[in-house]
file data30.cif (mmCIF, C-alpha atoms and all ligand atoms)
data_data
loop_
_atom_site.label_atom_id
_atom_site.label_comp_id
_atom_site.auth_asym_id
_atom_site.auth_seq_id
_atom_site.Cartn_x
_atom_site.Cartn_y
_atom_site.Cartn_z
CA MET A 1 1.66 -34.38 12.96
CA LYS A 2 3.14 -32.94 9.83
CA VAL A 3 -0.09 -31.16 8.99
CA SER A 4 -0.21 -29.31 12.30
CA VAL A 5 3.38 -28.09 11.83
CA VAL A 6 2.55 -26.68 8.41
CA GLN A 7 -0.57 -25.00 9.76
CA GLY A 8 1.51 -23.45 12.54
CA ILE A 9 3.87 -21.92 10.00
CA LEU A 10 1.01 -20.61 7.90
CA SER A 11 -0.73 -18.99 10.83
CA ALA A 12 2.48 -17.22 11.92
CA ASN A 13 2.74 -15.93 8.37
CA ASP A 14 -0.92 -14.94 8.36
CA GLN A 15 -0.50 -13.00 11.59
CA LEU A 16 2.32 -10.96 10.11
CA ALA A 17 0.34 -10.52 6.88
CA ALA A 18 -2.50 -9.07 8.94
CA GLN A 19 -0.05 -6.62 10.56
CA ASN A 20 1.23 -5.60 7.13
CA ARG A 21 -2.35 -5.12 6.04
CA ASP A 22 -3.19 -2.92 9.04
CA GLN A 23 -0.19 -0.72 8.35
CA LEU A 24 -1.07 -0.42 4.65
CA ASP A 25 -4.74 0.27 5.47
CA GLN A 26 -3.78 3.14 7.74
CA LEU A 27 -1.69 4.61 4.95
CA GLY A 28 -4.41 4.02 2.32
CA ILE A 29 -2.06 1.99 0.12
CA CYS A 30 -3.43 -0.72 -2.17
CA VAL A 31 -1.12 -3.71 -2.75
CA VAL A 32 -1.47 -5.88 -5.86
CA ASN A 33 0.17 -9.32 -5.70
CA VAL A 34 1.07 -10.47 -9.23
CA MET A 35 1.57 -14.21 -9.61
CA ALA A 36 2.34 -16.38 -12.66
CA SER A 37 4.79 -18.87 -14.05
CA PRO A 38 8.22 -17.67 -15.25
CA GLY A 39 8.14 -15.93 -18.62
CA SER A 40 4.43 -15.18 -18.62
CA GLY A 41 4.98 -11.42 -18.54
CA LYS A 42 4.76 -10.28 -14.91
CA THR A 43 7.50 -7.71 -15.25
CA SER A 44 6.29 -6.62 -18.69
CA LEU A 45 2.76 -6.06 -17.37
CA ILE A 46 4.09 -4.04 -14.42
CA LEU A 47 6.23 -1.90 -16.75
CA ARG A 48 3.26 -1.22 -19.07
CA THR A 49 1.14 -0.32 -16.05
CA LEU A 50 3.77 2.06 -14.67
CA ASP A 51 3.85 3.87 -18.01
CA GLN A 52 0.06 4.31 -17.97
CA LEU A 53 -0.09 5.42 -14.34
CA ALA A 54 2.82 7.88 -14.53
CA GLY A 55 1.58 11.23 -13.20
CA ARG A 56 -1.79 9.75 -12.16
CA MET A 57 -0.88 7.64 -9.16
CA ARG A 58 2.13 7.21 -6.89
CA VAL A 59 3.31 3.66 -7.46
CA ALA A 60 6.15 1.49 -6.12
CA VAL A 61 7.21 -2.04 -7.03
CA ILE A 62 8.51 -4.93 -4.95
CA GLU A 63 10.27 -7.55 -7.06
CA GLY A 64 10.55 -11.09 -5.78
CA ASP A 65 13.05 -13.48 -7.34
CA ILE A 66 15.14 -16.38 -6.17
CA ALA A 67 18.23 -14.46 -7.34
CA SER A 68 19.36 -11.40 -9.37
CA THR A 69 18.14 -7.80 -9.72
CA VAL A 70 17.31 -8.10 -13.43
CA ASP A 71 13.61 -7.21 -13.02
CA ALA A 72 14.20 -4.50 -10.42
CA ASP A 73 16.74 -2.88 -12.76
CA LYS A 74 14.10 -2.71 -15.50
CA VAL A 75 11.53 -1.20 -13.14
CA ALA A 76 14.08 1.35 -11.90
CA THR A 77 14.31 2.77 -15.43
CA ARG A 78 10.72 4.03 -14.91
CA GLY A 79 11.84 6.21 -12.01
CA VAL A 80 9.59 4.64 -9.39
CA PRO A 81 10.71 3.31 -5.98
CA VAL A 82 11.61 -0.37 -6.30
CA VAL A 83 12.84 -2.98 -3.83
CA GLN A 84 14.26 -6.31 -4.91
CA ILE A 85 13.70 -9.27 -2.60
CA ASN A 86 16.00 -12.21 -3.26
CA THR A 87 14.42 -15.20 -1.59
CA GLY A 88 17.65 -17.22 -1.59
CA GLY A 89 15.98 -20.27 -3.10
CA GLN A 90 12.51 -19.99 -1.58
CA CYS A 91 9.92 -20.33 -4.33
CA HIS A 92 7.40 -17.78 -2.98
CA LEU A 93 7.30 -14.50 -1.09
CA ASP A 94 5.99 -14.42 2.46
CA ALA A 95 4.73 -11.81 4.91
CA PRO A 96 8.11 -11.25 6.69
CA MET A 97 9.74 -10.58 3.31
CA LEU A 98 7.04 -8.06 2.44
CA ARG A 99 7.47 -6.38 5.82
CA ASN A 100 11.21 -5.94 5.20
CA ALA A 101 10.55 -4.57 1.72
CA LEU A 102 7.90 -2.12 2.97
CA ALA A 103 10.45 -0.73 5.45
CA GLN A 104 12.58 0.32 2.48
CA LEU A 105 9.82 2.25 0.68
CA PRO A 106 8.60 5.84 1.19
CA LEU A 107 5.16 4.62 2.31
CA ASP A 108 3.75 8.06 3.11
CA GLN A 109 4.21 8.99 -0.57
CA LEU A 110 2.49 5.99 -2.19
CA ASP A 111 -0.99 5.02 -3.42
CA LEU A 112 -0.28 1.63 -4.94
CA ILE A 113 2.37 -1.09 -4.68
CA PHE A 114 2.82 -3.90 -7.18
CA VAL A 115 4.42 -7.04 -5.80
CA GLU A 116 5.89 -9.37 -8.41
CA ASN A 117 5.88 -12.76 -6.75
CA VAL A 118 8.35 -15.54 -7.53
CA GLY A 119 7.46 -17.25 -10.81
CA ASN A 120 5.42 -20.35 -10.12
CA LEU A 121 1.74 -21.28 -10.04
CA ILE A 122 1.77 -23.42 -6.91
CA CYS A 123 2.78 -22.04 -3.52
CA PRO A 124 2.70 -18.20 -3.80
CA VAL A 125 -1.06 -18.33 -3.36
CA ASP A 126 -0.70 -20.10 0.01
CA PHE A 127 1.27 -17.28 1.63
CA ARG A 128 -0.64 -14.10 2.39
CA LEU A 129 1.52 -10.99 2.30
CA GLY A 130 -0.94 -8.32 3.42
CA GLU A 131 -2.07 -7.63 -0.15
CA ASP A 132 -5.46 -6.27 -1.27
CA VAL A 133 -5.66 -7.73 -4.76
CA ASN A 134 -4.41 -11.04 -6.15
CA VAL A 135 -3.79 -11.46 -9.86
CA VAL A 136 -2.56 -14.38 -11.94
CA ILE A 137 -1.24 -14.02 -15.47
CA ALA A 138 -1.92 -16.85 -17.92
CA SER A 139 0.07 -16.36 -21.10
CA VAL A 140 -1.15 -17.77 -24.38
CA PRO A 141 1.96 -19.87 -25.23
CA GLU A 142 1.60 -21.75 -21.92
CA GLY A 143 -1.63 -23.31 -23.16
CA ASP A 144 -5.19 -23.08 -21.91
CA ASP A 145 -5.05 -26.07 -19.54
CA LYS A 146 -3.37 -24.36 -16.55
CA PRO A 147 -6.61 -24.00 -14.51
CA TYR A 148 -6.98 -27.79 -14.58
CA LYS A 149 -3.41 -28.32 -13.40
CA TYR A 150 -3.15 -25.50 -10.87
CA PRO A 151 -6.72 -24.93 -9.64
CA GLY A 152 -5.63 -23.40 -6.31
CA ILE A 153 -4.32 -20.19 -7.78
CA PHE A 154 -7.27 -19.69 -10.13
CA LEU A 155 -9.69 -20.18 -7.21
CA ALA A 156 -7.93 -17.60 -5.06
CA VAL A 157 -7.33 -14.64 -7.37
CA ASP A 158 -9.43 -11.55 -8.08
CA ALA A 159 -8.37 -11.38 -11.73
CA VAL A 160 -6.82 -13.46 -14.48
CA VAL A 161 -4.84 -11.59 -17.09
CA ILE A 162 -4.51 -13.47 -20.37
CA ASN A 163 -1.25 -12.11 -21.77
CA LYS A 164 0.42 -12.37 -25.19
CA VAL A 165 -2.92 -12.39 -27.05
CA ASP A 166 -0.96 -11.15 -30.09
CA LEU A 167 0.28 -14.77 -30.36
CA LEU A 168 -3.22 -16.29 -30.58
CA PRO A 169 -2.96 -16.84 -34.36
CA TYR A 170 0.16 -18.97 -33.88
CA VAL A 171 -0.51 -21.15 -30.83
CA HIS A 172 -3.43 -23.20 -29.56
CA PHE A 173 -5.25 -21.32 -26.82
CA ASP A 174 -9.05 -21.42 -26.78
CA VAL A 175 -9.93 -18.11 -25.10
CA ALA A 176 -13.67 -18.84 -24.90
CA ALA A 177 -13.12 -22.26 -23.31
CA PHE A 178 -10.55 -20.80 -20.91
CA ARG A 179 -12.97 -18.05 -19.91
CA ARG A 180 -15.75 -20.58 -19.30
CA LEU A 181 -13.46 -22.79 -17.24
CA VAL A 182 -12.11 -20.11 -14.90
CA THR A 183 -15.50 -18.40 -14.56
CA GLY A 184 -16.98 -21.76 -13.54
CA MET A 185 -14.26 -22.18 -10.92
CA ASN A 186 -14.35 -18.62 -9.60
CA PRO A 187 -17.52 -16.77 -10.66
CA GLY A 188 -16.58 -13.30 -9.35
CA LEU A 189 -13.32 -13.28 -11.27
CA GLN A 190 -12.29 -10.47 -13.61
CA ILE A 191 -10.74 -11.68 -16.89
CA LEU A 192 -8.62 -9.30 -18.95
CA GLU A 193 -7.00 -9.98 -22.32
CA VAL A 194 -3.79 -8.07 -22.97
CA SER A 195 -0.62 -7.99 -25.00
CA CYS A 196 2.31 -6.36 -23.27
CA GLU A 197 4.03 -6.48 -26.67
CA THR A 198 1.45 -4.46 -28.64
CA GLY A 199 -0.31 -2.70 -25.76
CA GLN A 200 -3.68 -4.26 -26.61
CA GLY A 201 -6.00 -4.34 -23.59
CA ILE A 202 -3.57 -2.50 -21.31
CA ALA A 203 -5.90 0.50 -20.89
CA GLU A 204 -8.71 -1.82 -19.68
CA TRP A 205 -6.36 -3.55 -17.25
CA VAL A 206 -5.12 -0.24 -15.87
CA ALA A 207 -8.72 1.00 -15.52
CA TRP A 208 -9.51 -2.12 -13.49
CA ILE A 209 -6.47 -1.56 -11.26
CA VAL A 210 -7.45 2.09 -10.68
CA GLU A 211 -10.95 0.90 -9.75
CA GLN A 212 -9.51 -1.58 -7.23
CA ARG A 213 -7.42 1.16 -5.69
CA GLU A 214 -10.45 3.51 -5.43
CA LYS A 215 -12.60 0.78 -3.89
CA ARG A 216 -10.02 0.08 -1.23
CA ARG A 217 -8.97 3.63 -0.49
CA ARG A 218 -9.43 4.43 3.17
CA PRO A 219 -10.16 7.92 4.50
MG MG B 301 9.79 -10.94 -13.86
ZN ZN B 302 7.15 -21.79 -2.52
#
call {"tool": "encode", "arguments": {"input": "data30.cif", "output": "structure tokens"}}
result
Amino acid sequence: MKVSVVQGILSANDQLAAQNRDQLDQLGICVVNVMASPGSGKTSLILRTLDQLAGRMRVAVIEGDIASTVDADKVATRGVPVVQINTGGQCHLDAPMLRNALAQLPLDQLDLIFVENVGNLICPVDFRLGEDVNVVIASVPEGDDKPYKYPGIFLAVDAVVINKVDLLPYVHFDVAAFRRLVTGMNPGLQILEVSCETGQGIAEWVAWIVEQREKRRRP
């Protein structure tokens, strides 16, 4: 009984996600859903990306948090359209929330939207938003065992960004073993190594994002 109720909720969400997707497709907008645990560098990666894409692509950001506008305030300093979603306790974004956020953006003037999901590795992946690209950040201080503990998210994403690689000399994180593990789980996956602190690897990440946007651009 319980299972069928949950499935009912998911399919209602999926229906609205499909509507979001149709709307975004018609406008030719690529949406990147950024997921990760708190403190792994979601906002920092988005800020770095905005700096690289300034003048090249029209970007907006949707910030999801349980409370506060701290991240949206940081993004606003970059001069791009930003909408903060406060989930009021809910630990993931969903398609209705994205729909409300999209209504507050100048969609006819955008190429790309980054969505910063609520910080956790569990449920965000179960709720489609209408996004094109799913990304998870794994930061070096969190350890290299996250794919064992949270396989669902690593199976579902298009890319894993290993962040804070500048800390590799100081903490245990076996990059080669991590790469083997996630590639074994999800063979088509893109793996990028970056440091939002030093800027290492950011150009490669941004090139990958631009490629995703070009691949998904509709006439
Ligand atoms: Mg953040
Ligand atoms: Zn949740």
call {"tool": "closest_residue", "arguments": {"input": "data30.cif", "among": "A:Ala67, A:Leu121, A:Leu50, A:Val59", "to": "ligand ZN 302 (chain B)", "atoms": "all atoms listed in the file"}}
result
A:Leu121
call {"tool": "residues_near_ligand", "arguments": {"input": "data30.cif", "ligand": "ligand MG 301 (chain B)", "cutoff": "12 Å", "atoms": "only C-alpha atoms and all ligand atoms", "output": "ChimeraX atom specification"}}
result
/A:34-47,61-75,84,114-120,137
call {"tool": "residues_near_point", "arguments": {"input": "data30.cif", "point": "(-3.8, 4.8, 4.4)", "cutoff": "12 Å", "atoms": "all atoms listed in the file", "output": "VMD selection string"}}
result
chain A and resid 20 to 31 107 to 112 213 to 214 216 to 219
call {"tool": "residues_near_point", "arguments": {"input": "data30.cif", "point": "(-0.4, -8.0, -29.5)", "cutoff": "12 Å", "atoms": "all atoms listed in the file", "output": "PyMOL selection string"}}
result
chain A and resi 139-140+162-170+193-202
call {"tool": "closest_residue", "arguments": {"input": "data30.cif", "among": "A:Phe178, A:Trp208, A:Phe127, A:Phe173", "to": "ligand ZN 302 (chain B)", "atoms": "all atoms listed in the file"}}
result
A:Phe127
call {"tool": "closest_residue", "arguments": {"input": "data30.cif", "among": "A:Asn100, A:Thr77, A:Thr49, A:Asn33", "to": "Leu16 of chain A", "atoms": "all atoms listed in the file"}}
result
A:Asn100
call {"tool": "closest_atom_pairs", "arguments": {"input": "data30.cif", "of": "chain A", "to": "ligand ZN 302 (chain B)", "cutoff": "7 Å", "atoms": "only C-alpha atoms and all ligand atoms", "output": "JSON lines"}}
result
{"residue": "A:Gln90", "atom": "CA", "partner": "B:ZN302", "partner_atom": "ZN", "distance": 5.7}
{"residue": "A:Cys91", "atom": "CA", "partner": "B:ZN302", "partner_atom": "ZN", "distance": 3.6}
{"residue": "A:His92", "atom": "CA", "partner": "B:ZN302", "partner_atom": "ZN", "distance": 4.0}
{"residue": "A:Cys123", "atom": "CA", "partner": "B:ZN302", "partner_atom": "ZN", "distance": 4.5}
{"residue": "A:Pro124", "atom": "CA", "partner": "B:ZN302", "partner_atom": "ZN", "distance": 5.9}
call {"tool": "closest_residue", "arguments": {"input": "data30.cif", "among": "A:His172, A:Arg99, A:Arg179, A:Arg48", "to": "Leu192 of chain A", "atoms": "all atoms listed in the file"}}
result
A:Arg179
call {"tool": "atom_distance", "arguments": {"input": "data30.cif", "atom1": "atom CA of Ala95 of chain A", "atom2": "atom CA of Gly130 of chain A"}}
result
6.8 Å
call {"tool": "axis_aligned_box", "arguments": {"input": "data30.cif", "around": "segment 147-153 of chain A", "padding_each_side": "8 Å", "output": "JSON"}}
result
{"center_x": -5.1, "center_y": -24.3, "center_z": -10.4, "size_x": 19.8, "size_y": 24.1, "size_z": 24.3}
call {"tool": "closest_residue", "arguments": {"input": "data30.cif", "among": "A:Val160, A:Ile191, A:Leu129, A:Ile209", "to": "Ser11 of chain A", "atoms": "all atoms listed in the file"}}
result
A:Leu129
call {"tool": "closest_residue", "arguments": {"input": "data30.cif", "among": "A:Met185, A:Val210, A:Val133, A:Ala176", "to": "Gly152 of chain A", "atoms": "only C-alpha atoms"}}
result
A:Met185
call {"tool": "decode", "arguments": {"input": "data30.cif", "residues": "segment 9-20 of chain A", "atoms": "all heavy atoms", "output": "PDB file, in the first residue's frame"}}
result
ATOM      1  N   ILE A   9       2.880   9.818  -5.914  1.00  0.00           N
ATOM      2  CA  ILE A   9       3.479  11.134  -5.719  1.00  0.00           C
ATOM      3  C   ILE A   9       4.576  11.372  -6.752  1.00  0.00           C
ATOM      4  O   ILE A   9       4.648  12.414  -7.374  1.00  0.00           O
ATOM      5  CB  ILE A   9       4.056  11.252  -4.286  1.00  0.00           C
ATOM      6  CG1 ILE A   9       2.929  11.286  -3.276  1.00  0.00           C
ATOM      7  CG2 ILE A   9       4.910  12.498  -4.142  1.00  0.00           C
ATOM      8  CD1 ILE A   9       3.375  11.068  -1.845  1.00  0.00           C
ATOM      9  N   LEU A  10       5.408  10.368  -6.969  1.00  0.00           N
ATOM     10  CA  LEU A  10       6.505  10.524  -7.914  1.00  0.00           C
ATOM     11  C   LEU A  10       5.979  10.765  -9.317  1.00  0.00           C
ATOM     12  O   LEU A  10       6.508  11.584 -10.037  1.00  0.00           O
ATOM     13  CB  LEU A  10       7.406   9.286  -7.887  1.00  0.00           C
ATOM     14  CG  LEU A  10       8.306   9.171  -6.668  1.00  0.00           C
ATOM     15  CD1 LEU A  10       9.129   7.896  -6.762  1.00  0.00           C
ATOM     16  CD2 LEU A  10       9.216  10.370  -6.508  1.00  0.00           C
ATOM     17  N   SER A  11       4.905  10.055  -9.697  1.00  0.00           N
ATOM     18  CA  SER A  11       4.471  10.226 -11.071  1.00  0.00           C
ATOM     19  C   SER A  11       3.818  11.586 -11.277  1.00  0.00           C
ATOM     20  O   SER A  11       3.945  12.172 -12.343  1.00  0.00           O
ATOM     21  CB  SER A  11       3.572   9.078 -11.513  1.00  0.00           C
ATOM     22  OG  SER A  11       2.332   9.183 -10.884  1.00  0.00           O
ATOM     23  N   ALA A  12       3.151  12.123 -10.245  1.00  0.00           N
ATOM     24  CA  ALA A  12       2.628  13.491 -10.353  1.00  0.00           C
ATOM     25  C   ALA A  12       3.783  14.465 -10.531  1.00  0.00           C
ATOM     26  O   ALA A  12       3.728  15.380 -11.357  1.00  0.00           O
ATOM     27  CB  ALA A  12       1.814  13.847  -9.111  1.00  0.00           C
ATOM     28  N   ASN A  13       4.849  14.250  -9.769  1.00  0.00           N
ATOM     29  CA  ASN A  13       6.034  15.093  -9.925  1.00  0.00           C
ATOM     30  C   ASN A  13       6.636  14.944 -11.323  1.00  0.00           C
ATOM     31  O   ASN A  13       7.002  15.925 -11.960  1.00  0.00           O
ATOM     32  CB  ASN A  13       7.077  14.733  -8.866  1.00  0.00           C
ATOM     33  CG  ASN A  13       8.280  15.651  -8.911  1.00  0.00           C
ATOM     34  OD1 ASN A  13       8.221  16.784  -8.451  1.00  0.00           O
ATOM     35  ND2 ASN A  13       9.357  15.179  -9.523  1.00  0.00           N
ATOM     36  N   ASP A  14       6.713  13.684 -11.779  1.00  0.00           N
ATOM     37  CA  ASP A  14       7.309  13.442 -13.095  1.00  0.00           C
ATOM     38  C   ASP A  14       6.499  14.096 -14.214  1.00  0.00           C
ATOM     39  O   ASP A  14       7.064  14.573 -15.193  1.00  0.00           O
ATOM     40  CB  ASP A  14       7.417  11.932 -13.353  1.00  0.00           C
ATOM     41  CG  ASP A  14       8.553  11.301 -12.565  1.00  0.00           C
ATOM     42  OD1 ASP A  14       9.329  12.054 -11.938  1.00  0.00           O
ATOM     43  OD2 ASP A  14       8.651  10.065 -12.552  1.00  0.00           O
ATOM     44  N   GLN A  15       5.176  14.101 -14.043  1.00  0.00           N
ATOM     45  CA  GLN A  15       4.341  14.751 -15.067  1.00  0.00           C
ATOM     46  C   GLN A  15       4.655  16.242 -15.164  1.00  0.00           C
ATOM     47  O   GLN A  15       4.791  16.794 -16.251  1.00  0.00           O
ATOM     48  CB  GLN A  15       2.858  14.575 -14.729  1.00  0.00           C
ATOM     49  CG  GLN A  15       2.327  13.196 -15.114  1.00  0.00           C
ATOM     50  CD  GLN A  15       0.899  12.972 -14.631  1.00  0.00           C
ATOM     51  OE1 GLN A  15       0.152  13.933 -14.413  1.00  0.00           O
ATOM     52  NE2 GLN A  15       0.525  11.721 -14.474  1.00  0.00           N
ATOM     53  N   LEU A  16       4.783  16.869 -13.999  1.00  0.00           N
ATOM     54  CA  LEU A  16       5.075  18.303 -14.011  1.00  0.00           C
ATOM     55  C   LEU A  16       6.509  18.547 -14.503  1.00  0.00           C
ATOM     56  O   LEU A  16       6.760  19.529 -15.210  1.00  0.00           O
ATOM     57  CB  LEU A  16       4.862  18.899 -12.614  1.00  0.00           C
ATOM     58  CG  LEU A  16       4.790  20.426 -12.580  1.00  0.00           C
ATOM     59  CD1 LEU A  16       3.755  20.961 -13.560  1.00  0.00           C
ATOM     60  CD2 LEU A  16       4.452  20.897 -11.176  1.00  0.00           C
ATOM     61  N   ALA A  17       7.411  17.646 -14.157  1.00  0.00           N
ATOM     62  CA  ALA A  17       8.788  17.762 -14.665  1.00  0.00           C
ATOM     63  C   ALA A  17       8.803  17.705 -16.190  1.00  0.00           C
ATOM     64  O   ALA A  17       9.526  18.463 -16.838  1.00  0.00           O
ATOM     65  CB  ALA A  17       9.663  16.653 -14.078  1.00  0.00           C
ATOM     66  N   ALA A  18       7.973  16.832 -16.747  1.00  0.00           N
ATOM     67  CA  ALA A  18       7.904  16.730 -18.214  1.00  0.00           C
ATOM     68  C   ALA A  18       7.364  18.023 -18.820  1.00  0.00           C
ATOM     69  O   ALA A  18       7.824  18.468 -19.877  1.00  0.00           O
ATOM     70  CB  ALA A  18       7.043  15.537 -18.608  1.00  0.00           C
ATOM     71  N   GLN A  19       6.399  18.639 -18.135  1.00  0.00           N
ATOM     72  CA  GLN A  19       5.877  19.938 -18.621  1.00  0.00           C
ATOM     73  C   GLN A  19       6.954  21.019 -18.560  1.00  0.00           C
ATOM     74  O   GLN A  19       7.102  21.822 -19.488  1.00  0.00           O
ATOM     75  CB  GLN A  19       4.684  20.383 -17.780  1.00  0.00           C
ATOM     76  CG  GLN A  19       3.418  19.578 -18.047  1.00  0.00           C
ATOM     77  CD  GLN A  19       2.267  19.998 -17.123  1.00  0.00           C
ATOM     78  OE1 GLN A  19       2.184  21.152 -16.695  1.00  0.00           O
ATOM     79  NE2 GLN A  19       1.405  19.058 -16.801  1.00  0.00           N
ATOM     80  N   ASN A  20       7.713  21.023 -17.454  1.00  0.00           N
ATOM     81  CA  ASN A  20       8.824  21.984 -17.350  1.00  0.00           C
ATOM     82  C   ASN A  20       9.796  21.778 -18.503  1.00  0.00           C
ATOM     83  O   ASN A  20      10.258  22.716 -19.132  1.00  0.00           O
ATOM     84  CB  ASN A  20       9.582  21.785 -16.031  1.00  0.00           C
ATOM     85  CG  ASN A  20       8.786  22.226 -14.813  1.00  0.00           C
ATOM     86  OD1 ASN A  20       7.805  22.959 -14.942  1.00  0.00           O
ATOM     87  ND2 ASN A  20       9.216  21.781 -13.634  1.00  0.00           N
TER      88      ASN A  20
END
